[in-house]
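Participant: Below is the file input12.tsv, with TSV, N, CA and C atoms and all ligand atoms.
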chain	number	residue	atom	x	y	z
A	1	MET	N	0.83	-1.20	0.00
A	1	MET	CA	0.00	0.00	0.00
A	1	MET	C	0.87	1.25	0.00
A	2	ILE	N	0.55	2.15	-0.88
A	2	ILE	CA	1.25	3.42	-0.90
A	2	ILE	C	0.22	4.55	-0.95
A	3	THR	N	0.70	5.75	-0.71
A	3	THR	CA	-0.19	6.90	-0.74
A	3	THR	C	-0.15	7.54	-2.13
A	4	HIS	N	-1.29	7.53	-2.80
A	4	HIS	CA	-1.44	8.25	-4.06
A	4	HIS	C	-2.10	9.59	-3.76
A	5	THR	N	-1.79	10.58	-4.58
A	5	THR	CA	-2.51	11.85	-4.47
A	5	THR	C	-3.22	12.11	-5.79
A	6	GLY	N	-4.21	12.98	-5.72
A	6	GLY	CA	-4.96	13.29	-6.93
A	6	GLY	C	-5.89	14.45	-6.68
A	7	GLY	N	-6.68	14.76	-7.71
A	7	GLY	CA	-7.61	15.86	-7.54
A	7	GLY	C	-8.31	16.22	-8.84
A	8	CYS	N	-9.01	17.34	-8.78
A	8	CYS	CA	-9.79	17.80	-9.93
A	8	CYS	C	-8.88	18.55	-10.92
A	9	HIS	N	-9.46	19.15	-11.94
A	9	HIS	CA	-8.65	19.80	-12.97
A	9	HIS	C	-8.10	21.15	-12.54
A	10	CYS	N	-8.91	21.94	-11.85
A	10	CYS	CA	-8.46	23.29	-11.48
A	10	CYS	C	-7.55	23.28	-10.26
A	11	GLY	N	-7.50	22.14	-9.54
A	11	GLY	CA	-6.59	22.03	-8.41
A	11	GLY	C	-7.19	22.38	-7.06
A	12	ARG	N	-8.45	22.79	-7.03
A	12	ARG	CA	-9.06	23.11	-5.74
A	12	ARG	C	-9.26	21.85	-4.91
A	13	VAL	N	-9.80	20.81	-5.55
A	13	VAL	CA	-10.05	19.55	-4.85
A	13	VAL	C	-8.78	18.70	-4.91
A	14	ARG	N	-8.23	18.38	-3.73
A	14	ARG	CA	-7.06	17.52	-3.65
A	14	ARG	C	-7.31	16.48	-2.57
A	15	PHE	N	-6.83	15.26	-2.83
A	15	PHE	CA	-7.04	14.18	-1.85
A	15	PHE	C	-5.85	13.25	-1.88
A	16	GLU	N	-5.78	12.40	-0.86
A	16	GLU	CA	-4.84	11.29	-0.90
A	16	GLU	C	-5.59	10.00	-0.62
A	17	VAL	N	-5.09	8.92	-1.22
A	17	VAL	CA	-5.75	7.63	-1.07
A	17	VAL	C	-4.68	6.55	-0.95
A	18	LEU	N	-4.92	5.64	-0.01
A	18	LEU	CA	-4.00	4.53	0.23
A	18	LEU	C	-4.44	3.36	-0.65
A	19	ALA	N	-3.53	2.89	-1.52
A	19	ALA	CA	-3.87	1.80	-2.44
A	19	ALA	C	-2.55	1.20	-2.95
A	20	PRO	N	-2.61	0.01	-3.54
A	20	PRO	CA	-1.40	-0.57	-4.13
A	20	PRO	C	-0.91	0.30	-5.30
A	21	SER	N	0.35	0.13	-5.71
A	21	SER	CA	0.84	0.87	-6.88
A	21	SER	C	0.28	0.29	-8.17
A	22	LYS	N	-0.07	-1.02	-8.13
A	22	LYS	CA	-0.76	-1.64	-9.26
A	22	LYS	C	-2.24	-1.65	-8.92
A	23	LEU	N	-2.99	-0.82	-9.63
A	23	LEU	CA	-4.39	-0.59	-9.26
A	23	LEU	C	-5.34	-1.51	-9.99
A	24	GLU	N	-6.31	-2.04	-9.23
A	24	GLU	CA	-7.43	-2.78	-9.81
A	24	GLU	C	-8.62	-1.84	-9.82
A	25	VAL	N	-9.07	-1.46	-11.00
A	25	VAL	CA	-10.17	-0.50	-11.09
A	25	VAL	C	-11.28	-1.09	-11.95
A	26	SER	N	-12.46	-0.50	-11.86
A	26	SER	CA	-13.56	-0.98	-12.68
A	26	SER	C	-14.15	0.16	-13.51
A	27	GLU	N	-14.56	-0.26	-14.71
A	27	GLU	CA	-15.21	0.66	-15.64
A	27	GLU	C	-16.66	0.24	-15.73
A	28	CYS	N	-17.55	1.15	-15.35
A	28	CYS	CA	-18.96	0.82	-15.22
A	28	CYS	C	-19.73	1.37	-16.41
A	29	ASN	N	-20.74	0.59	-16.85
A	29	ASN	CA	-21.51	1.00	-18.03
A	29	ASN	C	-22.85	1.64	-17.67
A	30	CYS	N	-23.03	2.04	-16.42
A	30	CYS	CA	-24.32	2.65	-16.03
A	30	CYS	C	-24.47	4.03	-16.67
A	31	SER	N	-25.64	4.62	-16.48
A	31	SER	CA	-25.97	5.84	-17.22
A	31	SER	C	-25.00	6.98	-16.95
A	32	ILE	N	-24.54	7.11	-15.70
A	32	ILE	CA	-23.68	8.26	-15.40
A	32	ILE	C	-22.21	7.95	-15.63
A	33	CYS	N	-21.76	6.75	-15.25
A	33	CYS	CA	-20.33	6.42	-15.40
A	33	CYS	C	-19.92	6.35	-16.86
A	34	SER	N	-20.80	5.82	-17.70
A	34	SER	CA	-20.43	5.68	-19.12
A	34	SER	C	-20.28	7.06	-19.76
A	35	LYS	N	-21.10	8.02	-19.36
A	35	LYS	CA	-20.97	9.36	-19.93
A	35	LYS	C	-19.73	10.06	-19.45
A	36	ALA	N	-19.33	9.79	-18.20
A	36	ALA	CA	-18.17	10.48	-17.62
A	36	ALA	C	-16.85	9.76	-17.93
A	37	GLY	N	-16.91	8.47	-18.30
A	37	GLY	CA	-15.68	7.71	-18.49
A	37	GLY	C	-14.96	7.44	-17.19
A	38	TYR	N	-15.73	7.31	-16.13
A	38	TYR	CA	-15.19	7.18	-14.78
A	38	TYR	C	-14.52	5.82	-14.57
A	39	LEU	N	-13.34	5.80	-13.95
A	39	LEU	CA	-12.66	4.56	-13.58
A	39	LEU	C	-12.62	4.46	-12.06
A	40	HIS	N	-13.30	3.44	-11.52
A	40	HIS	CA	-13.51	3.34	-10.07
A	40	HIS	C	-12.37	2.64	-9.34
A	41	LEU	N	-11.79	3.34	-8.39
A	41	LEU	CA	-10.91	2.73	-7.39
A	41	LEU	C	-11.67	2.88	-6.07
A	42	ILE	N	-12.23	1.75	-5.60
A	42	ILE	CA	-13.13	1.81	-4.44
A	42	ILE	C	-12.36	1.44	-3.17
A	43	VAL	N	-12.43	2.31	-2.19
A	43	VAL	CA	-11.67	2.11	-0.93
A	43	VAL	C	-12.57	2.38	0.27
A	44	PRO	N	-12.25	1.72	1.42
A	44	PRO	CA	-12.94	2.08	2.66
A	44	PRO	C	-12.62	3.53	3.03
A	45	ALA	N	-13.50	4.12	3.82
A	45	ALA	CA	-13.36	5.55	4.14
A	45	ALA	C	-12.02	5.87	4.80
A	46	ASP	N	-11.48	4.94	5.58
A	46	ASP	CA	-10.25	5.26	6.32
A	46	ASP	C	-9.01	5.26	5.43
A	47	ARG	N	-9.17	4.90	4.16
A	47	ARG	CA	-8.02	4.96	3.24
A	47	ARG	C	-8.08	6.18	2.33
A	48	PHE	N	-9.04	7.05	2.58
A	48	PHE	CA	-9.20	8.25	1.77
A	48	PHE	C	-9.16	9.48	2.67
A	49	ARG	N	-8.48	10.53	2.21
A	49	ARG	CA	-8.49	11.78	2.98
A	49	ARG	C	-8.56	12.96	2.02
A	50	LEU	N	-9.57	13.79	2.23
A	50	LEU	CA	-9.69	15.02	1.44
A	50	LEU	C	-8.73	16.04	2.01
A	51	LEU	N	-7.85	16.56	1.18
A	51	LEU	CA	-6.84	17.52	1.64
A	51	LEU	C	-7.32	18.95	1.49
A	52	SER	N	-8.03	19.23	0.42
A	52	SER	CA	-8.52	20.60	0.20
A	52	SER	C	-9.68	20.58	-0.78
A	53	GLY	N	-10.41	21.66	-0.82
A	53	GLY	CA	-11.45	21.83	-1.84
A	53	GLY	C	-12.84	21.40	-1.43
A	54	GLY	N	-13.03	21.04	-0.16
A	54	GLY	CA	-14.36	20.63	0.29
A	54	GLY	C	-15.43	21.67	-0.02
A	55	GLU	N	-15.06	22.93	0.06
A	55	GLU	CA	-16.03	24.02	-0.15
A	55	GLU	C	-16.38	24.15	-1.64
A	56	ALA	N	-15.56	23.61	-2.52
A	56	ALA	CA	-15.82	23.71	-3.96
A	56	ALA	C	-16.70	22.57	-4.47
A	57	LEU	N	-16.93	21.54	-3.64
A	57	LEU	CA	-17.66	20.36	-4.10
A	57	LEU	C	-19.16	20.60	-4.16
A	58	THR	N	-19.76	20.11	-5.23
A	58	THR	CA	-21.20	20.11	-5.40
A	58	THR	C	-21.65	18.67	-5.52
A	59	SER	N	-22.86	18.37	-5.05
A	59	SER	CA	-23.34	17.01	-5.07
A	59	SER	C	-24.53	16.85	-6.02
A	60	TYR	N	-24.53	15.75	-6.74
A	60	TYR	CA	-25.63	15.42	-7.65
A	60	TYR	C	-26.17	14.05	-7.25
A	61	ALA	N	-27.47	13.89	-7.21
A	61	ALA	CA	-28.06	12.60	-6.84
A	61	ALA	C	-29.22	12.28	-7.78
A	62	PHE	N	-29.45	10.99	-8.03
A	62	PHE	CA	-30.57	10.58	-8.87
A	62	PHE	C	-30.98	9.17	-8.47
A	63	ASN	N	-32.06	8.67	-9.04
A	63	ASN	CA	-32.54	7.31	-8.81
A	63	ASN	C	-32.72	7.03	-7.31
A	64	THR	N	-31.96	6.10	-6.72
A	64	THR	CA	-32.14	5.80	-5.28
A	64	THR	C	-31.55	6.90	-4.41
A	65	ARG	N	-30.75	7.77	-4.96
A	65	ARG	CA	-30.11	8.89	-4.26
A	65	ARG	C	-29.16	8.43	-3.17
A	66	THR	N	-28.73	7.16	-3.26
A	66	THR	CA	-27.76	6.65	-2.27
A	66	THR	C	-26.37	7.18	-2.59
A	67	ALA	N	-26.00	7.12	-3.85
A	67	ALA	CA	-24.70	7.64	-4.26
A	67	ALA	C	-24.70	9.16	-4.17
A	68	LYS	N	-23.58	9.71	-3.69
A	68	LYS	CA	-23.40	11.16	-3.69
A	68	LYS	C	-22.35	11.48	-4.76
A	69	HIS	N	-22.83	11.91	-5.92
A	69	HIS	CA	-21.93	12.20	-7.02
A	69	HIS	C	-21.34	13.59	-6.82
A	70	LEU	N	-20.14	13.63	-6.30
A	70	LEU	CA	-19.49	14.90	-5.96
A	70	LEU	C	-18.63	15.37	-7.13
A	71	PHE	N	-18.72	16.63	-7.44
A	71	PHE	CA	-17.84	17.17	-8.47
A	71	PHE	C	-17.47	18.60	-8.12
A	72	CYS	N	-16.37	19.06	-8.69
A	72	CYS	CA	-15.86	20.40	-8.42
A	72	CYS	C	-16.76	21.41	-9.14
A	73	SER	N	-17.27	22.38	-8.39
A	73	SER	CA	-18.19	23.37	-8.96
A	73	SER	C	-17.47	24.36	-9.88
A	74	VAL	N	-16.16	24.39	-9.83
A	74	VAL	CA	-15.41	25.31	-10.67
A	74	VAL	C	-15.03	24.65	-12.01
A	75	CYS	N	-14.43	23.46	-11.96
A	75	CYS	CA	-13.96	22.84	-13.21
A	75	CYS	C	-14.84	21.68	-13.66
A	76	GLY	N	-15.78	21.23	-12.83
A	76	GLY	CA	-16.73	20.20	-13.24
A	76	GLY	C	-16.22	18.78	-13.13
A	77	ILE	N	-14.99	18.57	-12.67
A	77	ILE	CA	-14.43	17.21	-12.66
A	77	ILE	C	-14.85	16.45	-11.41
A	78	LYS	N	-15.28	15.21	-11.66
A	78	LYS	CA	-15.67	14.30	-10.57
A	78	LYS	C	-14.47	13.43	-10.24
A	79	SER	N	-13.70	13.82	-9.25
A	79	SER	CA	-12.46	13.11	-8.94
A	79	SER	C	-12.66	12.01	-7.90
A	80	PHE	N	-13.74	12.11	-7.11
A	80	PHE	CA	-14.10	11.03	-6.18
A	80	PHE	C	-15.57	11.23	-5.81
A	81	TYR	N	-16.19	10.21	-5.26
A	81	TYR	CA	-17.57	10.36	-4.78
A	81	TYR	C	-17.91	9.20	-3.86
A	82	VAL	N	-19.11	9.24	-3.31
A	82	VAL	CA	-19.61	8.17	-2.44
A	82	VAL	C	-20.50	7.28	-3.29
A	83	PRO	N	-20.05	6.03	-3.57
A	83	PRO	CA	-20.82	5.18	-4.49
A	83	PRO	C	-21.97	4.45	-3.80
A	84	ARG	N	-22.99	4.17	-4.57
A	84	ARG	CA	-24.14	3.41	-4.07
A	84	ARG	C	-23.71	2.03	-3.56
A	85	SER	N	-22.73	1.42	-4.23
A	85	SER	CA	-22.30	0.07	-3.85
A	85	SER	C	-21.54	0.06	-2.53
A	86	HIS	N	-20.91	1.18	-2.17
A	86	HIS	CA	-20.10	1.27	-0.96
A	86	HIS	C	-20.38	2.62	-0.28
A	87	PRO	N	-21.59	2.77	0.26
A	87	PRO	CA	-21.98	4.08	0.80
A	87	PRO	C	-21.20	4.49	2.04
A	88	ASP	N	-20.42	3.55	2.62
A	88	ASP	CA	-19.59	3.89	3.77
A	88	ASP	C	-18.13	4.11	3.36
A	89	GLY	N	-17.86	4.15	2.05
A	89	GLY	CA	-16.51	4.35	1.57
A	89	GLY	C	-16.48	5.39	0.46
A	90	PHE	N	-15.44	5.31	-0.37
A	90	PHE	CA	-15.31	6.25	-1.46
A	90	PHE	C	-14.91	5.53	-2.74
A	91	SER	N	-15.32	6.08	-3.86
A	91	SER	CA	-14.78	5.67	-5.14
A	91	SER	C	-13.96	6.83	-5.67
A	92	VAL	N	-12.68	6.55	-5.91
A	92	VAL	CA	-11.78	7.56	-6.46
A	92	VAL	C	-11.68	7.32	-7.96
A	93	ASN	N	-11.70	8.40	-8.73
A	93	ASN	CA	-11.54	8.27	-10.18
A	93	ASN	C	-10.06	8.08	-10.49
A	94	ALA	N	-9.70	6.86	-10.94
A	94	ALA	CA	-8.29	6.56	-11.21
A	94	ALA	C	-7.71	7.51	-12.26
A	95	ARG	N	-8.57	8.09	-13.09
A	95	ARG	CA	-8.09	9.06	-14.09
A	95	ARG	C	-7.63	10.36	-13.45
A	96	CYS	N	-8.00	10.59	-12.20
A	96	CYS	CA	-7.67	11.84	-11.52
A	96	CYS	C	-6.50	11.70	-10.56
A	97	LEU	N	-5.85	10.51	-10.55
A	97	LEU	CA	-4.68	10.34	-9.70
A	97	LEU	C	-3.46	10.97	-10.36
A	98	ASP	N	-2.56	11.52	-9.54
A	98	ASP	CA	-1.29	11.99	-10.08
A	98	ASP	C	-0.52	10.76	-10.57
A	99	PRO	N	-0.02	10.78	-11.81
A	99	PRO	CA	0.50	9.56	-12.43
A	99	PRO	C	1.80	9.01	-11.83
A	100	SER	N	2.53	9.81	-11.07
A	100	SER	CA	3.88	9.39	-10.67
A	100	SER	C	3.91	8.13	-9.80
A	101	THR	N	2.87	7.87	-9.02
A	101	THR	CA	2.87	6.71	-8.12
A	101	THR	C	2.13	5.51	-8.70
A	102	VAL	N	1.53	5.67	-9.86
A	102	VAL	CA	0.71	4.59	-10.44
A	102	VAL	C	1.57	3.75	-11.37
A	103	GLU	N	1.80	2.51	-10.96
A	103	GLU	CA	2.65	1.62	-11.74
A	103	GLU	C	1.87	0.94	-12.86
A	104	GLU	N	0.63	0.60	-12.56
A	104	GLU	CA	-0.18	-0.17	-13.50
A	104	GLU	C	-1.66	0.05	-13.18
A	105	VAL	N	-2.50	0.03	-14.20
A	105	VAL	CA	-3.94	0.13	-13.99
A	105	VAL	C	-4.61	-1.03	-14.73
A	106	ASN	N	-5.20	-1.94	-13.98
A	106	ASN	CA	-5.94	-3.06	-14.58
A	106	ASN	C	-7.42	-2.76	-14.51
A	107	ILE	N	-8.04	-2.74	-15.68
A	107	ILE	CA	-9.44	-2.34	-15.75
A	107	ILE	C	-10.35	-3.56	-15.92
A	108	THR	N	-11.34	-3.70	-15.03
A	108	THR	CA	-12.36	-4.74	-15.14
A	108	THR	C	-13.68	-4.08	-15.50
A	109	GLN	N	-14.40	-4.67	-16.44
A	109	GLN	CA	-15.70	-4.12	-16.82
A	109	GLN	C	-16.74	-4.47	-15.77
A	110	PHE	N	-17.58	-3.52	-15.46
A	110	PHE	CA	-18.66	-3.75	-14.49
A	110	PHE	C	-20.00	-3.40	-15.12
A	111	ASN	N	-20.95	-4.31	-14.99
A	111	ASN	CA	-22.26	-4.12	-15.61
A	111	ASN	C	-23.21	-3.36	-14.69
A	112	GLY	N	-22.98	-2.08	-14.55
A	112	GLY	CA	-23.81	-1.26	-13.67
A	112	GLY	C	-25.20	-0.98	-14.21
A	113	ARG	N	-25.43	-1.28	-15.49
A	113	ARG	CA	-26.78	-1.11	-16.04
A	113	ARG	C	-27.75	-2.08	-15.40
A	114	GLU	N	-27.21	-3.21	-14.90
A	114	GLU	CA	-28.04	-4.17	-14.16
A	114	GLU	C	-27.53	-4.24	-12.72
A	115	TRP	N	-27.53	-3.09	-12.12
A	115	TRP	CA	-26.94	-2.90	-10.78
A	115	TRP	C	-27.49	-3.89	-9.76
A	116	GLU	N	-28.80	-4.06	-9.72
A	116	GLU	CA	-29.44	-4.91	-8.71
A	116	GLU	C	-29.00	-6.37	-8.84
A	117	GLN	N	-28.74	-6.80	-10.09
A	117	GLN	CA	-28.27	-8.18	-10.28
A	117	GLN	C	-26.80	-8.32	-9.91
A	118	GLN	N	-26.02	-7.24	-10.13
A	118	GLN	CA	-24.60	-7.26	-9.78
A	118	GLN	C	-24.41	-7.25	-8.27
A	119	TYR	N	-25.31	-6.56	-7.59
A	119	TYR	CA	-25.22	-6.44	-6.13
A	119	TYR	C	-26.53	-6.91	-5.50
A	120	PRO	N	-26.78	-8.24	-5.50
A	120	PRO	CA	-28.06	-8.73	-4.93
A	120	PRO	C	-28.21	-8.39	-3.45
A	121	LYS	N	-27.10	-8.18	-2.75
A	121	LYS	CA	-27.19	-7.82	-1.33
A	121	LYS	C	-27.41	-6.33	-1.15
A	122	GLY	N	-27.47	-5.61	-2.27
A	122	GLY	CA	-27.72	-4.17	-2.16
A	122	GLY	C	-26.48	-3.35	-1.94
A	123	ARG	N	-25.32	-4.02	-1.91
A	123	ARG	CA	-24.06	-3.30	-1.78
A	123	ARG	C	-22.90	-4.22	-2.17
A	124	GLY	N	-21.71	-3.66	-2.32
A	124	GLY	CA	-20.54	-4.43	-2.70
A	124	GLY	C	-19.59	-4.63	-1.53
A	125	GLU	N	-18.62	-5.54	-1.71
A	125	GLU	CA	-17.59	-5.77	-0.70
A	125	GLU	C	-16.35	-4.97	-1.08
A	126	TYR	N	-15.45	-4.82	-0.12
A	126	TYR	CA	-14.15	-4.22	-0.42
A	126	TYR	C	-13.20	-5.35	-0.78
A	127	THR	N	-12.63	-5.29	-1.97
A	127	THR	CA	-11.81	-6.41	-2.45
A	127	THR	C	-10.32	-6.17	-2.30
A	128	GLN	N	-9.89	-4.93	-2.38
A	128	GLN	CA	-8.45	-4.66	-2.46
A	128	GLN	C	-7.88	-4.36	-1.08
A	129	GLY	N	-6.72	-4.92	-0.80
A	129	GLY	CA	-6.02	-4.57	0.44
A	129	GLY	C	-6.72	-5.16	1.64
B	1	ZN	ZN	-11.83	21.93	-9.88
How does the structure come out when it is put into structure tokens?
Facilitator:
Amino acid sequence: MITHTGGCHCGRVRFEVLAPSKLEVSECNCSICSKAGYLHLIVPADRFRLLSGGEALTSYAFNTRTAKHLFCSVCGIKSFYVPRSHPDGFSVNARCLDPSTVEEVNITQFNGREWEQQYPKGRGEYTQG
């Protein structure tokens, strides 16, 4: 486990996240992720820390409104959010990590269009670390 840093485009939102240097991420085909091209690195809350930019974050919610889709109100980039599958953790957008600490990114496809079938228990487990 190493500390990665990342953030939004304008630099207001900055965070650090504890994860391996070889990242296992998922690409979801649901209505919002497919439009954003979001790559999910899902971590428990204690492995994520917001360093700055909390005041710049805006939240968007739809459907069950469990997920808190957070994005920077200045540059519009969604660098992390609270996912429906892990409402007690965070999903970090692997595309928003500073590249220097990322050795490898392995992408797994996730069928979020059929979310209820993917998560029959109504939520996901933490797999990494
Ligand atoms: Zn920004």
Participant: Which residues are close to Glu24 (chain A), i.e. within 6.5 Å by only N, CA and C atoms, leaving aside same-chain residues fewer than 5 positions away? Reply as JSON, numbers by chain.
Facilitator: {"A": [40, 41, 104, 105, 106, 107, 108]}
Participant: Quick one: residues within 6 Å of ligand ZN 1 (chain B), with only N, CA and C atoms and all ligand atoms, as a PyMOL selection string?
Facilitator: chain A and resi 8-13+72-77
Participant: Would you output that residue set with N, CA and C atoms, as a PDB file, in the coordinates of the input?
Facilitator:
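Printed below is again.pdb as written:
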ATOM      1  N   CYS A   8      -9.010  17.340  -8.780  1.00  0.00           N
ATOM      2  CA  CYS A   8      -9.790  17.800  -9.930  1.00  0.00           C
ATOM      3  C   CYS A   8      -8.880  18.550 -10.920  1.00  0.00           C
ATOM      4  N   HIS A   9      -9.460  19.150 -11.940  1.00  0.00           N
ATOM      5  CA  HIS A   9      -8.650  19.800 -12.970  1.00  0.00           C
ATOM      6  C   HIS A   9      -8.100  21.150 -12.540  1.00  0.00           C
ATOM      7  N   CYS A  10      -8.910  21.940 -11.850  1.00  0.00           N
ATOM      8  CA  CYS A  10      -8.460  23.290 -11.480  1.00  0.00           C
ATOM      9  C   CYS A  10      -7.550  23.280 -10.260  1.00  0.00           C
ATOM     10  N   GLY A  11      -7.500  22.140  -9.540  1.00  0.00           N
ATOM     11  CA  GLY A  11      -6.590  22.030  -8.410  1.00  0.00           C
ATOM     12  C   GLY A  11      -7.190  22.380  -7.060  1.00  0.00           C
ATOM     13  N   ARG A  12      -8.450  22.790  -7.030  1.00  0.00           N
ATOM     14  CA  ARG A  12      -9.060  23.110  -5.740  1.00  0.00           C
ATOM     15  C   ARG A  12      -9.260  21.850  -4.910  1.00  0.00           C
ATOM     16  N   VAL A  13      -9.800  20.810  -5.550  1.00  0.00           N
ATOM     17  CA  VAL A  13     -10.050  19.550  -4.850  1.00  0.00           C
ATOM     18  C   VAL A  13      -8.780  18.700  -4.910  1.00  0.00           C
ATOM     19  N   CYS A  72     -16.370  19.060  -8.690  1.00  0.00           N
ATOM     20  CA  CYS A  72     -15.860  20.400  -8.420  1.00  0.00           C
ATOM     21  C   CYS A  72     -16.760  21.410  -9.140  1.00  0.00           C
ATOM     22  N   SER A  73     -17.270  22.380  -8.390  1.00  0.00           N
ATOM     23  CA  SER A  73     -18.190  23.370  -8.960  1.00  0.00           C
ATOM     24  C   SER A  73     -17.470  24.360  -9.880  1.00  0.00           C
ATOM     25  N   VAL A  74     -16.160  24.390  -9.830  1.00  0.00           N
ATOM     26  CA  VAL A  74     -15.410  25.310 -10.670  1.00  0.00           C
ATOM     27  C   VAL A  74     -15.030  24.650 -12.010  1.00  0.00           C
ATOM     28  N   CYS A  75     -14.430  23.460 -11.960  1.00  0.00           N
ATOM     29  CA  CYS A  75     -13.960  22.840 -13.210  1.00  0.00           C
ATOM     30  C   CYS A  75     -14.840  21.680 -13.660  1.00  0.00           C
ATOM     31  N   GLY A  76     -15.780  21.230 -12.830  1.00  0.00           N
ATOM     32  CA  GLY A  76     -16.730  20.200 -13.240  1.00  0.00           C
ATOM     33  C   GLY A  76     -16.220  18.780 -13.130  1.00  0.00           C
ATOM     34  N   ILE A  77     -14.990  18.570 -12.670  1.00  0.00           N
ATOM     35  CA  ILE A  77     -14.430  17.210 -12.660  1.00  0.00           C
ATOM     36  C   ILE A  77     -14.850  16.450 -11.410  1.00  0.00           C
TER      37      ILE A  77
END
Participant: Compile the contact shell of Gly37 (chain A) as a list in words: residues with an atom at most 12 Å away, counting only C-alpha atoms, same-chain residues fewer than 4 positions apart removed.
Facilitator: Ser26, Glu27, Cys28, Asn29, Cys30, Ser31, Ile32, Cys33, Ile77, Lys78, Ser79, Asn93, Ala94, Arg95, Cys96 and Gln109 of chain A
Participant: If you count only N, CA and C atoms, which residues fall within 7 Å of Phe90 (chain A), apart from same-chain ones fewer than 6 positions away, as a compact mmCIF listing (two decimals) with N, CA and C atoms, in the frame of the given file?
Facilitator:
# COMPACT_ATOMS: atom_id res chain seq x y z
N LEU A 41 -11.79 3.34 -8.39
CA LEU A 41 -10.91 2.73 -7.39
C LEU A 41 -11.67 2.88 -6.07
N ILE A 42 -12.23 1.75 -5.60
CA ILE A 42 -13.13 1.81 -4.44
C ILE A 42 -12.36 1.44 -3.17
N VAL A 43 -12.43 2.31 -2.19
CA VAL A 43 -11.67 2.11 -0.93
C VAL A 43 -12.57 2.38 0.27
N PRO A 44 -12.25 1.72 1.42
CA PRO A 44 -12.94 2.08 2.66
C PRO A 44 -12.62 3.53 3.03
N ALA A 45 -13.50 4.12 3.82
CA ALA A 45 -13.36 5.55 4.14
C ALA A 45 -12.02 5.87 4.80
N PHE A 80 -13.74 12.11 -7.11
CA PHE A 80 -14.10 11.03 -6.18
C PHE A 80 -15.57 11.23 -5.81
N TYR A 81 -16.19 10.21 -5.26
CA TYR A 81 -17.57 10.36 -4.78
C TYR A 81 -17.91 9.20 -3.86
N VAL A 82 -19.11 9.24 -3.31
CA VAL A 82 -19.61 8.17 -2.44
C VAL A 82 -20.50 7.28 -3.29
N PRO A 83 -20.05 6.03 -3.57
CA PRO A 83 -20.82 5.18 -4.49
C PRO A 83 -21.97 4.45 -3.80
Participant: From a DSSP calculation on the backbone, collect every residue of chain A in strand (DSSP E or B) and output the set as a PyMOL selection string.
Facilitator: chain A and resi 2-7+14-19+22-28+39-44+48-52+57-60+68-72+80-82+89-93+97+104-110
Participant: What are the centre and edge lengths in Å, to one decimal, of the axis-aligned box around all listed atoms of region 99-112 of chain A with 4 Å added on each side, as AutoDock Vina command-line options?
Facilitator:
--center_x -10.6 --center_y 3.0 --center_z -12.5 --size_x 37.1 --size_y 23.5 --size_z 16.7
Participant: Excluding Tyr60 (chain A) and residues on its chain fewer than 4 positions from it, collect all residues at most 8 Å away from it, counting all atoms listed in the file, and give them as a VMD selection string.
Facilitator: chain A and resid 65 67 to 71
Participant: Do you have the atom N of Leu18 (chain A)-atom C of Glu116 (chain A) distance handy?
Facilitator: 28.3 Å
Participant: My list of candidates is A:Asn63, A:Thr3, A:Ser85, A:Ser91. Which is closest to Val17 (chain A) when distances are computed with only C-alpha atoms?
Facilitator: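 The shortest atom-to-atom distance to Val17 (chain A) comes from A:Thr3.
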Participant: Please determine, counting only N, CA and C atoms, which residue among A:Leu39, A:Met1, A:Leu51, A:Leu97 has the shortest atom-to-atom distance to Glu16 (chain A).
Facilitator: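 Counting only N, CA and C atoms, the residue closest to Glu16 (chain A) is A:Leu51.
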Participant: Quick check, in Å to one decimal: how far apart do atom C of Gly122 (chain A) and atom C of Phe62 (chain A) lie?
Facilitator: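 Going from atom C of Gly122 (chain A) over to atom C of Phe62 (chain A), I get 14.8 Å.
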Participant: Just how far from CA of Ile2 (chain A) is atom C of Ser100 (chain A), in Å to one decimal?
Facilitator: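 Here the two named atoms are 10.4 Å from each other.
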Participant: What parts of chain A does DSSP call helix (DSSP H, G or I)? I'd like the answer as a PyMOL selection string.
Facilitator: chain A and resi 31-36+45-47+54-56+94-96+99-101+112-118
